[in-house]
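Heads up: the structure comes next, in structure tokens.
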Amino acid sequence: MARRNAPADRLARLRTGDAATVAEICECDPAVRCRLRDLGITAGAPVVCVRRAPFGSPVVYRIGESDLCLRSDLAELVVVR
Amino acid sequence: MSATCHDAGAASAPAGAAEIALVGAPNVGKSSVFNHLTGLRVKTANYPGVTVTRSSGRIEARGGMPSVGVTDLPGTYGLTPLSPDEQVVADHLAGRLPGAPPPDALVLVVDATTLRRSMSLVAQAAAKGLPCAVALTMTDELRSAGGDVDAVELGRALGMPVVEVVGHRGRGVPALRDAILAWRTWERPVLPPPVDDDDELAAWTTSVLGAAGYRAATLPRRSRGIDRVLLHPLGGLLAFLVVMAVFFQTIFAVAAPLQGLVEGAFSRLSDAASAAIGPPLVADFVSTALIGGVGGVLVFLPQIALLFVLLALLEGSGYLARAAVLMDRVMAVTGLDGRAFVSMLSSVACAVPGIMSTRTMPSSRDRLATMLSAPLMPCSARLPVYLLLVGMLVPSGATWGPFGAQGLVLFGLYLLGGLSTLVAAAVLTKTALRGGGLPFYLELPPYRVPSWRTVLHAVGGAVGTFLRKMATVILAASVVLWALLSFPSRPAETAGMDPADASAYVLDHSWAASLGHAVQPVFEPLGFDWRIDVGLLGSMAAREVFVSTMGQVATAENPDSPSTALQELTWTEGPRAGQPLFTAPTIAALLVFFVYALQCFATIAVLRRESNSWRWPALAFTYMGVLAWVMAWAARSLVGVLG
């Protein structure tokens, strides 16, 4: 069952099954920010933490209409609520 | 469909013809669209300085419209460059790349099932100021999952032509082809889409999708259910092992007999040639160097073809992305990501197709690190050498607990090669190849049935590239090696000897032998004498040649029982004259030497081709040579101490 998280949490800290909405992307390289946007990670996009890979990384997220795997380095940059 | 070969040259369309570039994310079916548009006449070229490639083809003139060149750019989610590879593509699009004029128009290949996200790329492309059109793929998938979109309305809202294309069936391709030929008549958006402000872009996206009647897919996707198993900690890894086992079994079970056929055919051809040709030197040249050389090149084809078929099936079905996810944590330790795993694993059959398979990796730096460490994977050519030497080192009945000692040593050699590959990749990404990597992200496409057309194109491309660009280097190297081993031919001294003795005499006094004597001081600390050094030189053609070269030497000594003859060889000169050559420390050193040294012209040729310069193969050859020497010496010392 999806749970609501505490405000201003990070994508990387969502637990399996949690749903949230993207709030913003943290301070980072502008090219990285553009790439995250191009991947569909924009303010207001719905995200669900679908599952973790067997060794814990990467994590499969459903972002909008597609399944995307991220490691914690990029997931830490995404603020969700 | 004609399939002529073009020479290496800049454009495949006549000078002055327009050039259209295909832009789109990975997994949208862009290569499928490209293959449909261009047929079999495709050339691949490297961008300068990076290992990323672009393919070009041509749409023939029809209906009064002139022909148009089509370039397939590397898949990307956005046009803001994040790595040196992407910078080169961005430069190409902006016309900043010397010698590569920018395209005249862009076709954006967009996946209807990820339409909302794709609007970002469409907006960025439209903002470049070039005429754009959209090829909308996967609309059949969208509709069968409960979604919908009106392509005509979408085109109206975007202000550019939109053509629906169903990749598998080729439906919509003729319309797309006609639209591309008429690129000068494409309408352009009145206002450029807002790319600078994220909120404005989001608002624009919503309004365009609304006008197009876009409805996202509602039914749960079957892929999610399959992933519950295939990405499950236990089930997923088990399934992965099964898939990999089948992968390997197929390569060895199917490729090996085909290779045997090729080798057999060329061996008969070679014998026929040497029987038919009078002068012995010419006969030897034609049969061993030429026919043997060509055979030595063609013998790679079954493995390359089969590997690329299997990889295309894995990729087309969507499973390859899952495999990369499963292995990513392991590969992250080396500074690479899960995508490198399959290429490395493929190198266990043969490094040549394994290195070629790295071309799908999006980052040049990851690609290079994988290519330069893959030759350390224990390839099948090492096996005959291992079997020969392990047989000399370990008595056949010996056991260690419940396991046969010979098998254990063999397994240990394989493990050593595999681990060394990972360590080499880790060192490379932290030293020579520091920087230039991409942060990791990987989209999991829905599971699909792979299209035979895509598989065919993948195999054709790989085999074609191998034959056109790597075969000549390998052939040239074989001829040079043959010359080193056969000259000077010493007809006077060998006049009275029988053929086996004569060839052994020539070998012992050839230029290769002189080279062997010359480098003997380098290898003496390892326990190798000049004859082993000649064998090492011969194994540059193919590692298994070491076995036959040593066999030639041994047969000369004792024609009846070459294997015992090998054991009984003694040093012919120097401080150890008279002592046995193949002592346990020496055999151990030789085994470990073969684990590490880059002894394969074909691999060097492939590295040269895929990395676009001689620098990288030179680096690989050097570092592996040094590593081989050091590790062989360590093995020798260890075995000497353990006695």
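In the structure tokens, each chain is lettered A, B, ... as it comes, each chain's residues begin at 1, and ligands are numbered from 1 in order of appearance.
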Kindly provide the residues of chain A that approach chain B to within 9 Å, each paired with its closest atom pair and their distance in Å to one decimal, based on only C-alpha atoms, listed by chain and increasing number, as CSV.
```
residue,atom,partner,partner_atom,distance
A:Ala31,CA,B:Leu82,CA,5.6
A:Val32,CA,B:Leu82,CA,6.7
A:Cys34,CA,B:Thr80,CA,6.8
A:Arg35,CA,B:Gly78,CA,6.4
A:Arg37,CA,B:Ser120,CA,7.8
A:Asp38,CA,B:Gly78,CA,5.6
A:Leu39,CA,B:Tyr77,CA,6.5
A:Gly40,CA,B:Arg117,CA,4.9
A:Ile41,CA,B:Arg117,CA,8.6
A:Thr42,CA,B:Asp198,CA,7.7
A:Ala43,CA,B:Asp199,CA,8.1
A:Arg51,CA,B:Leu231,CA,8.3
A:Arg52,CA,B:Leu231,CA,8.3
A:Ala53,CA,B:Leu326,CA,6.1
A:Pro54,CA,B:Pro233,CA,4.2
A:Phe55,CA,B:Arg329,CA,6.3
A:Gly56,CA,B:Arg329,CA,7.6
A:Ser57,CA,B:Arg329,CA,5.7
A:Pro58,CA,B:Val325,CA,6.6
A:Val59,CA,B:Val325,CA,8.7
A:Val60,CA,B:Leu444,CA,8.4
A:Gly64,CA,B:Arg117,CA,7.7
A:Glu65,CA,B:Thr114,CA,5.7
A:Ser66,CA,B:Thr114,CA,6.5
A:Asp67,CA,B:Leu444,CA,5.4
A:Leu68,CA,B:Glu443,CA,4.4
A:Cys69,CA,B:Leu442,CA,5.1
A:Leu70,CA,B:Tyr441,CA,5.0
A:Arg71,CA,B:Phe440,CA,6.5
A:Asp73,CA,B:Pro439,CA,7.8
A:Leu74,CA,B:Pro439,CA,7.3
```
**Request:** For Ala432 (chain B), list every protein, DNA or RNA residue within 10 Å, evaluated using only C-alpha atoms, and leave out those in the same chain fewer than 5 positions away; present the list as JSON, numbers by chain.
**Result:** {"B": [365, 369, 427, 619]}
**Asked** To one decimal place, how far is CA of Gly159 (chain B) from CA of Gly129 (chain B) in Å?
**Response** 12.9 Å
**Prompt:** Which residues, written as a list in words, have at least one atom at most 8 Å from Leu11 (chain A), with only C-alpha atoms counted and residues fewer than 6 positions away on the same chain left out?
**Reply:** Ala75, Glu76, Leu77, Val78, Val79 and Val80 of chain A
**Contact residues around Val107 (chain B) with only C-alpha atoms at 9 Å, ignoring same-chain residues under 3 positions, as a VMD selection string** = chain B and resid 20 to 24 131 to 135 180
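Using only C-alpha atoms, the smallest distance between any of B:Ile604, B:Phe308, B:Met540, B:Ala458 and Ala374 (chain B) comes from B:Ile604.
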**Request:** Identify all residues of region 18-81 of chain A in alpha helix (DSSP H) (DSSP on the backbone) and supply them as a list in words.
**Result:** Pro30, Ala31, Val32, Arg33, Cys34, Arg35, Leu36, Arg37, Asp38, Ser72, Asp73, Leu74 and Ala75 of chain A
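Between CA of Asp533 (chain B) and CA of Gly516 (chain B) lies a distance of 5.1 Å.
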**Message:** Please identify the strand (DSSP E) residues within region 112-255 of chain B (assignment by DSSP from backbone atoms) and present them as a ChimeraX atom specification.
**Reply:** /B:132-137,162-164
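Put simply, CA of Ala476 (chain B) is 19.0 Å away from CA of Val534 (chain B).
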**Prompt:** Quick one: of A:Asp9, A:Gly44, A:Thr16, A:Ala23, who's nearest to Tyr61 (chain A), counting only C-alpha atoms?
**Reply:** A:Thr16
**Nearby residues (only C-alpha atoms) at most 12 Å from region 99-105 of chain B, same-chain spacing under 2 positions excluded, as number ranges by chain** = B: 9-11, 15-23, 45-48, 54, 56, 68-73, 88-97, 107-108, 125-126, 128-134, 160, 179-188
